[in-house]
$ cat structure14.cif   # mmCIF, C-alpha atoms
data_coords
#
loop_
_atom_site.group_PDB
_atom_site.id
_atom_site.type_symbol
_atom_site.label_atom_id
_atom_site.label_comp_id
_atom_site.auth_asym_id
_atom_site.auth_seq_id
_atom_site.Cartn_x
_atom_site.Cartn_y
_atom_site.Cartn_z
ATOM 1 C CA PHE A 1 -32.541 16.457 -15.755
ATOM 2 C CA ILE A 2 -32.862 16.244 -19.567
ATOM 3 C CA ASN A 3 -30.601 13.201 -19.680
ATOM 4 C CA ALA A 4 -32.614 11.517 -16.921
ATOM 5 C CA ALA A 5 -35.963 12.230 -18.585
ATOM 6 C CA ASN A 6 -34.634 11.324 -22.052
ATOM 7 C CA PRO A 7 -37.498 13.018 -23.936
ATOM 8 C CA ASP A 8 -38.042 12.475 -27.662
ATOM 9 C CA VAL A 9 -38.537 16.216 -28.096
ATOM 10 C CA PHE A 10 -37.594 19.229 -26.030
ATOM 11 C CA ILE A 11 -37.471 23.002 -26.364
ATOM 12 C CA SER A 12 -34.936 24.754 -24.152
ATOM 13 C CA ASN A 13 -33.319 28.104 -23.396
ATOM 14 C CA GLY A 14 -36.593 29.984 -23.704
ATOM 15 C CA GLY A 15 -37.210 28.806 -27.256
ATOM 16 C CA ALA A 16 -33.635 29.201 -28.472
ATOM 17 C CA THR A 17 -33.186 25.485 -29.159
ATOM 18 C CA VAL A 18 -35.387 22.680 -30.442
ATOM 19 C CA THR A 19 -34.141 19.082 -30.256
ATOM 20 C CA VAL A 20 -35.834 15.998 -31.718
ATOM 21 C CA ASN A 21 -34.521 12.508 -30.944
ATOM 22 C CA GLY A 22 -31.195 13.923 -29.839
ATOM 23 C CA LYS A 23 -30.714 16.016 -32.976
ATOM 24 C CA SER A 24 -30.887 19.811 -32.940
ATOM 25 C CA ILE A 25 -33.320 21.094 -35.567
ATOM 26 C CA TYR A 26 -33.193 24.760 -34.541
ATOM 27 C CA GLU A 27 -30.861 27.135 -32.715
ATOM 28 C CA ALA A 28 -31.110 30.898 -32.210
ATOM 29 C CA THR A 29 -28.004 32.427 -30.646
ATOM 30 C CA LEU A 30 -26.602 35.864 -30.024
ATOM 31 C CA SER A 31 -23.368 36.465 -31.941
ATOM 32 C CA ALA A 32 -20.063 36.563 -30.072
ATOM 33 C CA GLU A 33 -19.817 40.290 -30.792
ATOM 34 C CA THR A 34 -23.282 41.010 -29.393
ATOM 35 C CA THR A 35 -22.534 38.810 -26.396
ATOM 36 C CA ASP A 36 -19.402 40.845 -25.671
ATOM 37 C CA THR A 37 -21.371 44.087 -25.872
ATOM 38 C CA ILE A 38 -24.191 42.906 -23.596
ATOM 39 C CA LEU A 39 -21.819 41.511 -20.973
ATOM 40 C CA SER A 40 -19.674 44.646 -21.002
ATOM 41 C CA MET A 41 -22.716 46.865 -20.536
ATOM 42 C CA CYS A 42 -24.169 44.647 -17.809
ATOM 43 C CA LYS A 43 -20.876 44.803 -15.916
ATOM 44 C CA LYS A 44 -20.880 48.576 -16.335
ATOM 45 C CA TYR A 45 -24.355 48.903 -14.842
ATOM 46 C CA THR A 46 -24.133 46.333 -12.056
ATOM 47 C CA HIS A 47 -21.802 44.369 -9.820
ATOM 48 C CA SER A 48 -24.543 41.787 -9.279
ATOM 49 C CA ASP A 49 -25.072 38.301 -10.658
ATOM 50 C CA ILE A 50 -24.781 37.519 -14.371
ATOM 51 C CA THR A 51 -25.231 34.208 -16.187
ATOM 52 C CA ALA A 52 -24.648 33.131 -19.779
ATOM 53 C CA GLU A 53 -25.834 29.928 -21.437
ATOM 54 C CA ALA A 54 -23.437 29.078 -24.257
ATOM 55 C CA ILE A 55 -23.214 26.098 -26.561
ATOM 56 C CA ASP A 56 -20.433 24.641 -24.402
ATOM 57 C CA GLY A 57 -22.084 25.150 -21.030
ATOM 58 C CA TYR A 58 -23.685 27.354 -18.385
ATOM 59 C CA TYR A 59 -21.508 30.159 -16.999
ATOM 60 C CA CYS A 60 -21.999 32.509 -14.048
ATOM 61 C CA ASN A 61 -19.951 35.038 -12.111
ATOM 62 C CA PHE A 62 -21.037 33.602 -8.757
ATOM 63 C CA VAL A 63 -21.306 30.223 -7.060
ATOM 64 C CA PRO A 64 -24.929 28.970 -7.251
ATOM 65 C CA ASN A 65 -26.540 27.906 -3.972
ATOM 66 C CA ASP A 66 -28.324 24.936 -5.525
ATOM 67 C CA PRO A 67 -25.960 21.907 -5.550
ATOM 68 C CA ASP A 68 -27.203 20.571 -8.906
ATOM 69 C CA ARG A 69 -26.940 23.958 -10.556
ATOM 70 C CA ARG A 70 -23.529 24.496 -8.992
ATOM 71 C CA ALA A 71 -22.268 21.172 -10.315
ATOM 72 C CA ALA A 72 -23.488 21.995 -13.833
ATOM 73 C CA SER A 73 -22.064 25.521 -13.980
ATOM 74 C CA LYS A 74 -18.719 27.036 -14.892
ATOM 75 C CA TYR A 75 -17.320 30.177 -13.289
ATOM 76 C CA SER A 76 -16.426 33.217 -15.397
ATOM 77 C CA ASP A 77 -15.875 36.875 -14.600
ATOM 78 C CA PHE A 78 -16.910 37.553 -18.228
ATOM 79 C CA SER A 79 -13.838 39.672 -18.892
ATOM 80 C CA CYS A 80 -12.856 37.610 -21.968
ATOM 81 C CA PHE A 81 -16.013 35.847 -23.059
ATOM 82 C CA HIS A 82 -16.109 35.952 -26.847
ATOM 83 C CA LYS A 83 -18.556 33.237 -27.898
ATOM 84 C CA PRO A 84 -22.157 32.906 -29.105
ATOM 85 C CA VAL A 85 -24.771 32.317 -26.400
ATOM 86 C CA TYR A 86 -28.383 31.240 -26.203
ATOM 87 C CA LYS A 87 -29.158 33.783 -23.524
ATOM 88 C CA ILE A 88 -27.727 36.088 -20.883
ATOM 89 C CA THR A 89 -29.451 36.939 -17.622
ATOM 90 C CA ALA A 90 -28.385 39.792 -15.385
ATOM 91 C CA GLU A 91 -29.655 41.301 -12.163
ATOM 92 C CA LEU A 92 -30.265 44.965 -13.034
ATOM 93 C CA GLU A 93 -31.962 47.301 -10.583
ATOM 94 C CA ASN A 94 -33.132 49.745 -13.253
ATOM 95 C CA PRO A 95 -35.258 48.352 -16.141
ATOM 96 C CA ASP A 96 -34.127 51.308 -18.278
ATOM 97 C CA TRP A 97 -30.628 49.827 -18.315
ATOM 98 C CA ALA A 98 -31.930 46.630 -19.902
ATOM 99 C CA ALA A 99 -33.937 48.602 -22.461
ATOM 100 C CA HIS A 100 -30.847 50.616 -23.377
ATOM 101 C CA ILE A 101 -28.750 47.466 -23.828
ATOM 102 C CA ALA A 102 -31.389 45.989 -26.152
ATOM 103 C CA HIS A 103 -31.495 49.263 -28.097
ATOM 104 C CA VAL A 104 -27.715 49.193 -28.609
ATOM 105 C CA CYS A 105 -27.885 45.519 -29.731
ATOM 106 C CA PRO A 106 -30.587 45.292 -32.440
ATOM 107 C CA GLU A 107 -30.401 41.484 -32.767
ATOM 108 C CA CYS A 108 -31.271 41.205 -29.068
ATOM 109 C CA ALA A 109 -34.601 41.135 -27.266
ATOM 110 C CA THR A 110 -35.049 41.502 -23.521
ATOM 111 C CA TYR A 111 -37.682 41.059 -20.862
ATOM 112 C CA GLN A 112 -37.813 41.227 -17.074
ATOM 113 C CA PHE A 113 -38.801 38.180 -15.032
ATOM 114 C CA SER A 114 -41.977 38.960 -13.091
ATOM 115 C CA GLY A 115 -41.387 40.176 -9.548
ATOM 116 C CA GLU A 116 -37.596 40.144 -9.923
ATOM 117 C CA ASN A 117 -34.727 42.386 -11.008
ATOM 118 C CA TRP A 118 -33.489 39.675 -13.370
ATOM 119 C CA HIS A 119 -33.480 40.514 -17.078
ATOM 120 C CA ARG A 120 -33.044 38.098 -19.968
ATOM 121 C CA PHE A 121 -31.217 38.957 -23.183
ATOM 122 C CA ALA A 122 -31.508 36.638 -26.190
ATOM 123 C CA SER A 123 -31.924 36.603 -29.942
ATOM 124 C CA LYS A 124 -35.188 38.093 -31.176
ATOM 125 C CA GLU A 125 -35.841 34.707 -32.772
ATOM 126 C CA ALA A 126 -35.483 32.859 -29.442
ATOM 127 C CA ARG A 127 -39.163 32.776 -28.555
ATOM 128 C CA LYS A 128 -41.198 29.871 -27.260
ATOM 129 C CA GLU A 129 -44.025 30.448 -29.735
ATOM 130 C CA ASN A 130 -41.484 30.453 -32.568
ATOM 131 C CA ALA A 131 -39.918 27.206 -31.347
ATOM 132 C CA MET A 132 -43.358 25.599 -31.013
ATOM 133 C CA ARG A 133 -44.207 26.519 -34.612
ATOM 134 C CA ILE A 134 -40.890 25.143 -35.913
ATOM 135 C CA LEU A 135 -41.394 21.917 -33.972
ATOM 136 C CA ALA A 136 -44.965 21.541 -35.225
ATOM 137 C CA ASP A 137 -43.835 22.020 -38.832
ATOM 138 C CA HIS A 138 -41.041 19.481 -38.369
ATOM 139 C CA LEU A 139 -43.456 16.865 -36.969
ATOM 140 C CA ASN A 140 -46.235 17.725 -39.447
ATOM 141 C CA LEU A 141 -48.528 18.709 -36.604
ATOM 142 C CA ASP A 142 -51.108 21.445 -36.448
ATOM 143 C CA GLN A 143 -50.506 23.772 -33.510
ATOM 144 C CA SER A 144 -54.142 23.250 -32.548
ATOM 145 C CA SER A 145 -53.160 19.727 -31.442
ATOM 146 C CA ILE A 146 -50.516 21.024 -28.991
ATOM 147 C CA ALA A 147 -50.994 21.651 -25.264
ATOM 148 C CA ALA A 148 -48.605 24.178 -23.699
ATOM 149 C CA PHE A 149 -47.975 25.127 -20.076
ATOM 150 C CA GLY A 150 -46.653 28.432 -18.759
ATOM 151 C CA ASP A 151 -46.346 30.848 -15.883
ATOM 152 C CA ASP A 152 -44.566 34.047 -16.988
ATOM 153 C CA ILE A 153 -44.667 36.810 -19.577
ATOM 154 C CA ASN A 154 -42.547 34.946 -22.134
ATOM 155 C CA ASP A 155 -45.139 32.151 -22.239
ATOM 156 C CA LEU A 156 -48.075 34.319 -23.335
ATOM 157 C CA GLU A 157 -47.846 33.977 -27.127
ATOM 158 C CA MET A 158 -47.040 30.272 -26.890
ATOM 159 C CA LEU A 159 -50.190 29.654 -24.816
ATOM 160 C CA ARG A 160 -52.296 31.742 -27.177
ATOM 161 C CA ASN A 161 -51.047 29.874 -30.260
ATOM 162 C CA ALA A 162 -51.344 26.380 -28.796
ATOM 163 C CA GLY A 163 -54.540 24.391 -29.155
ATOM 164 C CA MET A 164 -54.752 24.289 -25.372
ATOM 165 C CA GLY A 165 -52.949 26.770 -23.143
ATOM 166 C CA ILE A 166 -52.623 25.848 -19.477
ATOM 167 C CA ALA A 167 -51.370 28.125 -16.704
ATOM 168 C CA VAL A 168 -50.082 26.902 -13.368
ATOM 169 C CA ALA A 169 -51.786 28.361 -10.313
ATOM 170 C CA ASN A 170 -48.779 30.513 -9.398
ATOM 171 C CA ALA A 171 -48.577 32.089 -12.877
ATOM 172 C CA ILE A 172 -48.746 35.844 -13.290
ATOM 173 C CA PRO A 173 -52.281 37.271 -13.808
ATOM 174 C CA GLN A 174 -51.780 37.951 -17.554
ATOM 175 C CA VAL A 175 -50.899 34.301 -18.171
ATOM 176 C CA LYS A 176 -53.869 32.975 -16.202
ATOM 177 C CA GLN A 177 -56.199 35.333 -18.061
ATOM 178 C CA SER A 178 -54.914 34.101 -21.426
ATOM 179 C CA ALA A 179 -54.997 30.396 -20.560
ATOM 180 C CA ASP A 180 -57.744 27.925 -21.437
ATOM 181 C CA HIS A 181 -57.207 26.066 -18.168
ATOM 182 C CA ILE A 182 -55.489 26.600 -14.825
ATOM 183 C CA THR A 183 -53.821 23.691 -13.049
ATOM 184 C CA ASP A 184 -52.131 23.371 -9.671
ATOM 185 C CA SER A 185 -48.933 25.324 -8.995
ATOM 186 C CA ASN A 186 -45.520 24.025 -10.050
ATOM 187 C CA ASP A 187 -44.796 23.298 -6.367
ATOM 188 C CA GLU A 188 -47.812 20.958 -6.422
ATOM 189 C CA ASP A 189 -46.777 19.151 -9.638
ATOM 190 C CA GLY A 190 -49.495 20.987 -11.528
ATOM 191 C CA VAL A 191 -48.189 20.119 -14.990
ATOM 192 C CA ALA A 192 -47.817 16.408 -14.177
ATOM 193 C CA ARG A 193 -51.267 16.283 -12.610
ATOM 194 C CA PHE A 194 -52.897 17.909 -15.625
ATOM 195 C CA ILE A 195 -51.153 15.547 -18.045
ATOM 196 C CA ALA A 196 -52.102 12.519 -15.977
ATOM 197 C CA LYS A 197 -55.749 13.518 -15.693
ATOM 198 C CA HIS A 198 -56.472 15.047 -19.098
ATOM 199 C CA ILE A 199 -53.915 13.512 -21.454
ATOM 200 C CA LEU A 200 -53.047 10.121 -19.989
ATOM 201 C CA LEU A 201 -56.661 9.776 -18.796
ATOM 202 C CA SER A 202 -55.590 8.895 -15.283
ATOM 203 C CA SER A 203 -55.566 10.873 -12.046
ATOM 204 C CA ASP A 204 -53.210 8.365 -10.380
ATOM 205 C CA ILE A 205 -49.769 10.004 -10.119
ATOM 206 C CA HIS A 206 -46.746 8.180 -8.737
#

$ encode --input "structure14.cif" --output "structure tokens"
Amino acid sequence: FINAANPDVFISNGGATVTVNGKSIYEATLSAETTDTILSMCKKYTHSDITAEAIDGYYCNFVPNDPDRRAASKYSDFSCFHKPVYKITAELENPDWAAHIAHVCPECATYQFSGENWHRFASKEARKENAMRILADHLNLDQSSIAAFGDDINDLEMLRNAGMGIAVANAIPQVKQSADHITDSNDEDGVARFIAKHILLSSDIH
């Protein structure tokens, strides 16, 4: 998708990477040692799905249902996975397990995706609001000139710090309450519609 869109700027992996004109200007990874610890503890707590996004690709211990995701992924049972990663996600039934893992790994932060048993583990510096600030500084922009879109808990601070924070209609209540505007849901191309109408000054979307 990124290659097809060919954007000048993009933030990915939940704020762990910032790329400008094809050049990385910021990366926040978990060390190989911390990655080993998190994966070992996740495997101890669950036999469910685990993913890891490393510098050299996207790994998972299952075969994704989505064809595009399946084609872009690499299989691993995570038994010998000693490398830095941008993030790890794991399906953990008990949120206390995720909290304990984060406590054992002080460089790591975690949160639970809303309405799911999936938990994300990443560097404490891998935050969308942090990436937005770094990008703004790099481009000599004031954050008040930035519009940001979001739907989940990890978008809250980014929306609050942006000049205009926009929530999609299917966002969690906290995000919609913090947003300046609410657009259509992501299933209804809400972000594209808002950009076309309010930024490109056209409501005609093709």

$ closest_atom_pairs --input "structure14.cif" --of "segment 42-142 of chain A" --to "segment 161-171 of chain A" --cutoff "9 Å" --atoms "only C-alpha atoms" --output "JSON lines"
{"residue": "A:Glu129", "atom": "CA", "partner": "A:Asn161", "partner_atom": "CA", "distance": 7.1}
{"residue": "A:Met132", "atom": "CA", "partner": "A:Ala162", "partner_atom": "CA", "distance": 8.3}
{"residue": "A:Arg133", "atom": "CA", "partner": "A:Asn161", "partner_atom": "CA", "distance": 8.8}
{"residue": "A:Asp142", "atom": "CA", "partner": "A:Gly163", "partner_atom": "CA", "distance": 8.6}

$ atom_distance --input "structure14.cif" --atom1 "atom CA of Lys128 of chain A" --atom2 "atom CA of Trp97 of chain A"
24.3 Å

$ resolve_selection --input "structure14.cif" --expression "the PyMOL selection byres ((chain A and resi 57) around 10)" --output "PyMOL selection string"
chain A and resi 52-56+58-59+72-74+85

$ closest_residue --input "structure14.cif" --among "A:Ala109, A:Ser144, A:Gly22, A:Ala32" --to "Phe81 of chain A" --atoms "only C-alpha atoms"
A:Ala32

$ residues_around --input "structure14.cif" --residues "segment 174-187 of chain A" --least-positions-apart "6" --cutoff "12 Å" --atoms "all atoms listed in the file" --output "JSON, numbers by chain"
{"A": [114, 147, 148, 149, 150, 151, 152, 153, 154, 155, 156, 157, 158, 159, 160, 161, 162, 163, 164, 165, 166, 167, 168, 193, 194, 195, 196, 197, 198]}

$ residues_around --input "structure14.cif" --residues "segment 9-13 of chain A" --least-positions-apart "4" --cutoff "12 Å" --atoms "all atoms listed in the file" --output "CSV table (one decimal) with C-alpha atoms, in the frame of the given file"
chain,number,residue,atom,x,y,z
A,1,PHE,CA,-32.5,16.5,-15.8
A,2,ILE,CA,-32.9,16.2,-19.6
A,3,ASN,CA,-30.6,13.2,-19.7
A,5,ALA,CA,-36.0,12.2,-18.6
A,17,THR,CA,-33.2,25.5,-29.2
A,18,VAL,CA,-35.4,22.7,-30.4
A,19,THR,CA,-34.1,19.1,-30.3
A,20,VAL,CA,-35.8,16.0,-31.7
A,21,ASN,CA,-34.5,12.5,-30.9
A,22,GLY,CA,-31.2,13.9,-29.8
A,23,LYS,CA,-30.7,16.0,-33.0
A,24,SER,CA,-30.9,19.8,-32.9
A,25,ILE,CA,-33.3,21.1,-35.6
A,26,TYR,CA,-33.2,24.8,-34.5
A,27,GLU,CA,-30.9,27.1,-32.7
A,28,ALA,CA,-31.1,30.9,-32.2
A,29,THR,CA,-28.0,32.4,-30.6
A,52,ALA,CA,-24.6,33.1,-19.8
A,53,GLU,CA,-25.8,29.9,-21.4
A,54,ALA,CA,-23.4,29.1,-24.3
A,55,ILE,CA,-23.2,26.1,-26.6
A,57,GLY,CA,-22.1,25.2,-21.0
A,58,TYR,CA,-23.7,27.4,-18.4
A,85,VAL,CA,-24.8,32.3,-26.4
A,86,TYR,CA,-28.4,31.2,-26.2
A,87,LYS,CA,-29.2,33.8,-23.5
A,88,ILE,CA,-27.7,36.1,-20.9
A,89,THR,CA,-29.5,36.9,-17.6
A,120,ARG,CA,-33.0,38.1,-20.0
A,121,PHE,CA,-31.2,39.0,-23.2
A,122,ALA,CA,-31.5,36.6,-26.2
A,123,SER,CA,-31.9,36.6,-29.9
A,125,GLU,CA,-35.8,34.7,-32.8
A,126,ALA,CA,-35.5,32.9,-29.4
A,127,ARG,CA,-39.2,32.8,-28.6
A,128,LYS,CA,-41.2,29.9,-27.3
A,129,GLU,CA,-44.0,30.4,-29.7
A,130,ASN,CA,-41.5,30.5,-32.6
A,131,ALA,CA,-39.9,27.2,-31.3
A,132,MET,CA,-43.4,25.6,-31.0
A,133,ARG,CA,-44.2,26.5,-34.6
A,134,ILE,CA,-40.9,25.1,-35.9
A,135,LEU,CA,-41.4,21.9,-34.0
A,136,ALA,CA,-45.0,21.5,-35.2
A,138,HIS,CA,-41.0,19.5,-38.4
A,139,LEU,CA,-43.5,16.9,-37.0
A,148,ALA,CA,-48.6,24.2,-23.7
A,154,ASN,CA,-42.5,34.9,-22.1

$ closest_residue --input "structure14.cif" --among "A:Arg70, A:Asp137, A:Phe113, A:Thr51" --to "Ile172 of chain A" --atoms "all atoms listed in the file"
A:Phe113

$ closest_residue --input "structure14.cif" --among "A:Pro7, A:His103, A:Lys124, A:Asp49" --to "Thr37 of chain A" --atoms "all atoms listed in the file"
A:His103

$ axis_aligned_box --input "structure14.cif" --around "segment 188-196 of chain A" --padding-each-side "4 Å" --output "JSON"
{"center_x": -49.8, "center_y": 16.8, "center_z": -12.2, "size_x": 14.1, "size_y": 16.5, "size_z": 19.6}

$ atom_distance --input "structure14.cif" --atom1 "atom CA of Leu30 of chain A" --atom2 "atom CA of Pro106 of chain A"
10.5 Å

$ resolve_selection --input "structure14.cif" --expression "the PyMOL selection byres ((chain A and resi 80) around 12)" --output "ChimeraX atom specification"
/A:32-33,35-37,39-40,76-79,81-83

$ build_atoms --input "structure14.cif" --residues "segment 141-177 of chain A" --atoms "N, CA and C atoms" --output "PDB file, in the coordinates of the input"
ATOM      1  N   LEU A 141     -47.407  18.557 -37.524  1.00  0.00           N
ATOM      2  CA  LEU A 141     -48.528  18.709 -36.604  1.00  0.00           C
ATOM      3  C   LEU A 141     -49.158  20.088 -36.780  1.00  0.00           C
ATOM      4  N   ASP A 142     -50.448  20.152 -36.523  1.00  0.00           N
ATOM      5  CA  ASP A 142     -51.108  21.445 -36.448  1.00  0.00           C
ATOM      6  C   ASP A 142     -50.957  21.948 -35.015  1.00  0.00           C
ATOM      7  N   GLN A 143     -50.693  23.238 -34.854  1.00  0.00           N
ATOM      8  CA  GLN A 143     -50.506  23.772 -33.510  1.00  0.00           C
ATOM      9  C   GLN A 143     -51.754  23.623 -32.654  1.00  0.00           C
ATOM     10  N   SER A 144     -52.903  23.432 -33.308  1.00  0.00           N
ATOM     11  CA  SER A 144     -54.142  23.250 -32.548  1.00  0.00           C
ATOM     12  C   SER A 144     -54.156  21.934 -31.786  1.00  0.00           C
ATOM     13  N   SER A 145     -53.230  21.018 -32.130  1.00  0.00           N
ATOM     14  CA  SER A 145     -53.160  19.727 -31.442  1.00  0.00           C
ATOM     15  C   SER A 145     -52.152  19.739 -30.296  1.00  0.00           C
ATOM     16  N   ILE A 146     -51.558  20.915 -30.013  1.00  0.00           N
ATOM     17  CA  ILE A 146     -50.516  21.024 -28.991  1.00  0.00           C
ATOM     18  C   ILE A 146     -51.082  21.635 -27.711  1.00  0.00           C
ATOM     19  N   ALA A 147     -50.700  21.064 -26.574  1.00  0.00           N
ATOM     20  CA  ALA A 147     -50.994  21.651 -25.264  1.00  0.00           C
ATOM     21  C   ALA A 147     -49.711  22.259 -24.724  1.00  0.00           C
ATOM     22  N   ALA A 148     -49.790  23.483 -24.217  1.00  0.00           N
ATOM     23  CA  ALA A 148     -48.605  24.178 -23.699  1.00  0.00           C
ATOM     24  C   ALA A 148     -48.893  24.696 -22.295  1.00  0.00           C
ATOM     25  N   PHE A 149     -47.853  24.665 -21.456  1.00  0.00           N
ATOM     26  CA  PHE A 149     -47.975  25.127 -20.076  1.00  0.00           C
ATOM     27  C   PHE A 149     -47.067  26.336 -19.870  1.00  0.00           C
ATOM     28  N   GLY A 150     -47.487  27.267 -19.008  1.00  0.00           N
ATOM     29  CA  GLY A 150     -46.653  28.432 -18.759  1.00  0.00           C
ATOM     30  C   GLY A 150     -46.998  29.135 -17.464  1.00  0.00           C
ATOM     31  N   ASP A 151     -46.118  30.094 -17.116  1.00  0.00           N
ATOM     32  CA  ASP A 151     -46.346  30.848 -15.883  1.00  0.00           C
ATOM     33  C   ASP A 151     -45.933  32.313 -15.967  1.00  0.00           C
ATOM     34  N   ASP A 152     -45.100  32.688 -16.981  1.00  0.00           N
ATOM     35  CA  ASP A 152     -44.566  34.047 -16.988  1.00  0.00           C
ATOM     36  C   ASP A 152     -44.808  34.724 -18.334  1.00  0.00           C
ATOM     37  N   ILE A 153     -44.351  35.954 -18.436  1.00  0.00           N
ATOM     38  CA  ILE A 153     -44.667  36.810 -19.577  1.00  0.00           C
ATOM     39  C   ILE A 153     -44.190  36.216 -20.899  1.00  0.00           C
ATOM     40  N   ASN A 154     -43.069  35.502 -20.883  1.00  0.00           N
ATOM     41  CA  ASN A 154     -42.547  34.946 -22.134  1.00  0.00           C
ATOM     42  C   ASN A 154     -43.297  33.705 -22.598  1.00  0.00           C
ATOM     43  N   ASP A 155     -44.308  33.287 -21.846  1.00  0.00           N
ATOM     44  CA  ASP A 155     -45.139  32.151 -22.239  1.00  0.00           C
ATOM     45  C   ASP A 155     -46.437  32.569 -22.924  1.00  0.00           C
ATOM     46  N   LEU A 156     -46.764  33.855 -22.895  1.00  0.00           N
ATOM     47  CA  LEU A 156     -48.075  34.319 -23.335  1.00  0.00           C
ATOM     48  C   LEU A 156     -48.403  33.914 -24.763  1.00  0.00           C
ATOM     49  N   GLU A 157     -47.548  34.260 -25.724  1.00  0.00           N
ATOM     50  CA  GLU A 157     -47.846  33.977 -27.127  1.00  0.00           C
ATOM     51  C   GLU A 157     -47.872  32.481 -27.397  1.00  0.00           C
ATOM     52  N   MET A 158     -47.023  31.719 -26.728  1.00  0.00           N
ATOM     53  CA  MET A 158     -47.040  30.272 -26.890  1.00  0.00           C
ATOM     54  C   MET A 158     -48.393  29.701 -26.453  1.00  0.00           C
ATOM     55  N   LEU A 159     -48.903  30.148 -25.309  1.00  0.00           N
ATOM     56  CA  LEU A 159     -50.190  29.654 -24.816  1.00  0.00           C
ATOM     57  C   LEU A 159     -51.330  30.063 -25.744  1.00  0.00           C
ATOM     58  N   ARG A 160     -51.234  31.269 -26.280  1.00  0.00           N
ATOM     59  CA  ARG A 160     -52.296  31.742 -27.177  1.00  0.00           C
ATOM     60  C   ARG A 160     -52.310  30.981 -28.494  1.00  0.00           C
ATOM     61  N   ASN A 161     -51.142  30.554 -28.974  1.00  0.00           N
ATOM     62  CA  ASN A 161     -51.047  29.874 -30.260  1.00  0.00           C
ATOM     63  C   ASN A 161     -51.261  28.373 -30.160  1.00  0.00           C
ATOM     64  N   ALA A 162     -51.141  27.820 -28.974  1.00  0.00           N
ATOM     65  CA  ALA A 162     -51.344  26.380 -28.796  1.00  0.00           C
ATOM     66  C   ALA A 162     -52.835  26.056 -28.828  1.00  0.00           C
ATOM     67  N   GLY A 163     -53.141  24.798 -29.164  1.00  0.00           N
ATOM     68  CA  GLY A 163     -54.540  24.391 -29.155  1.00  0.00           C
ATOM     69  C   GLY A 163     -55.139  24.467 -27.768  1.00  0.00           C
ATOM     70  N   MET A 164     -54.314  24.193 -26.760  1.00  0.00           N
ATOM     71  CA  MET A 164     -54.752  24.289 -25.372  1.00  0.00           C
ATOM     72  C   MET A 164     -53.631  24.939 -24.567  1.00  0.00           C
ATOM     73  N   GLY A 165     -53.920  26.071 -23.979  1.00  0.00           N
ATOM     74  CA  GLY A 165     -52.949  26.770 -23.143  1.00  0.00           C
ATOM     75  C   GLY A 165     -53.303  26.607 -21.682  1.00  0.00           C
ATOM     76  N   ILE A 166     -52.361  26.119 -20.894  1.00  0.00           N
ATOM     77  CA  ILE A 166     -52.623  25.848 -19.477  1.00  0.00           C
ATOM     78  C   ILE A 166     -51.667  26.651 -18.615  1.00  0.00           C
ATOM     79  N   ALA A 167     -52.185  27.373 -17.655  1.00  0.00           N
ATOM     80  CA  ALA A 167     -51.370  28.125 -16.704  1.00  0.00           C
ATOM     81  C   ALA A 167     -51.312  27.383 -15.379  1.00  0.00           C
ATOM     82  N   VAL A 168     -50.159  27.429 -14.730  1.00  0.00           N
ATOM     83  CA  VAL A 168     -50.082  26.902 -13.368  1.00  0.00           C
ATOM     84  C   VAL A 168     -50.665  27.937 -12.420  1.00  0.00           C
ATOM     85  N   ALA A 169     -51.062  27.493 -11.245  1.00  0.00           N
ATOM     86  CA  ALA A 169     -51.786  28.361 -10.313  1.00  0.00           C
ATOM     87  C   ALA A 169     -50.958  29.552  -9.844  1.00  0.00           C
ATOM     88  N   ASN A 170     -49.638  29.409  -9.842  1.00  0.00           N
ATOM     89  CA  ASN A 170     -48.779  30.513  -9.398  1.00  0.00           C
ATOM     90  C   ASN A 170     -48.283  31.349 -10.567  1.00  0.00           C
ATOM     91  N   ALA A 171     -48.929  31.261 -11.728  1.00  0.00           N
ATOM     92  CA  ALA A 171     -48.577  32.089 -12.877  1.00  0.00           C
ATOM     93  C   ALA A 171     -48.971  33.535 -12.630  1.00  0.00           C
ATOM     94  N   ILE A 172     -48.375  34.434 -13.396  1.00  0.00           N
ATOM     95  CA  ILE A 172     -48.746  35.844 -13.290  1.00  0.00           C
ATOM     96  C   ILE A 172     -50.171  36.026 -13.828  1.00  0.00           C
ATOM     97  N   PRO A 173     -50.877  37.090 -13.403  1.00  0.00           N
ATOM     98  CA  PRO A 173     -52.281  37.271 -13.808  1.00  0.00           C
ATOM     99  C   PRO A 173     -52.499  37.263 -15.320  1.00  0.00           C
ATOM    100  N   GLN A 174     -51.596  37.896 -16.099  1.00  0.00           N
ATOM    101  CA  GLN A 174     -51.780  37.951 -17.554  1.00  0.00           C
ATOM    102  C   GLN A 174     -51.800  36.559 -18.166  1.00  0.00           C
ATOM    103  N   VAL A 175     -50.953  35.667 -17.643  1.00  0.00           N
ATOM    104  CA  VAL A 175     -50.899  34.301 -18.171  1.00  0.00           C
ATOM    105  C   VAL A 175     -52.175  33.551 -17.829  1.00  0.00           C
ATOM    106  N   LYS A 176     -52.639  33.673 -16.598  1.00  0.00           N
ATOM    107  CA  LYS A 176     -53.869  32.975 -16.202  1.00  0.00           C
ATOM    108  C   LYS A 176     -55.084  33.488 -16.986  1.00  0.00           C
ATOM    109  N   GLN A 177     -55.093  34.768 -17.290  1.00  0.00           N
ATOM    110  CA  GLN A 177     -56.199  35.333 -18.061  1.00  0.00           C
ATOM    111  C   GLN A 177     -56.206  34.835 -19.493  1.00  0.00           C
TER     112      GLN A 177
END
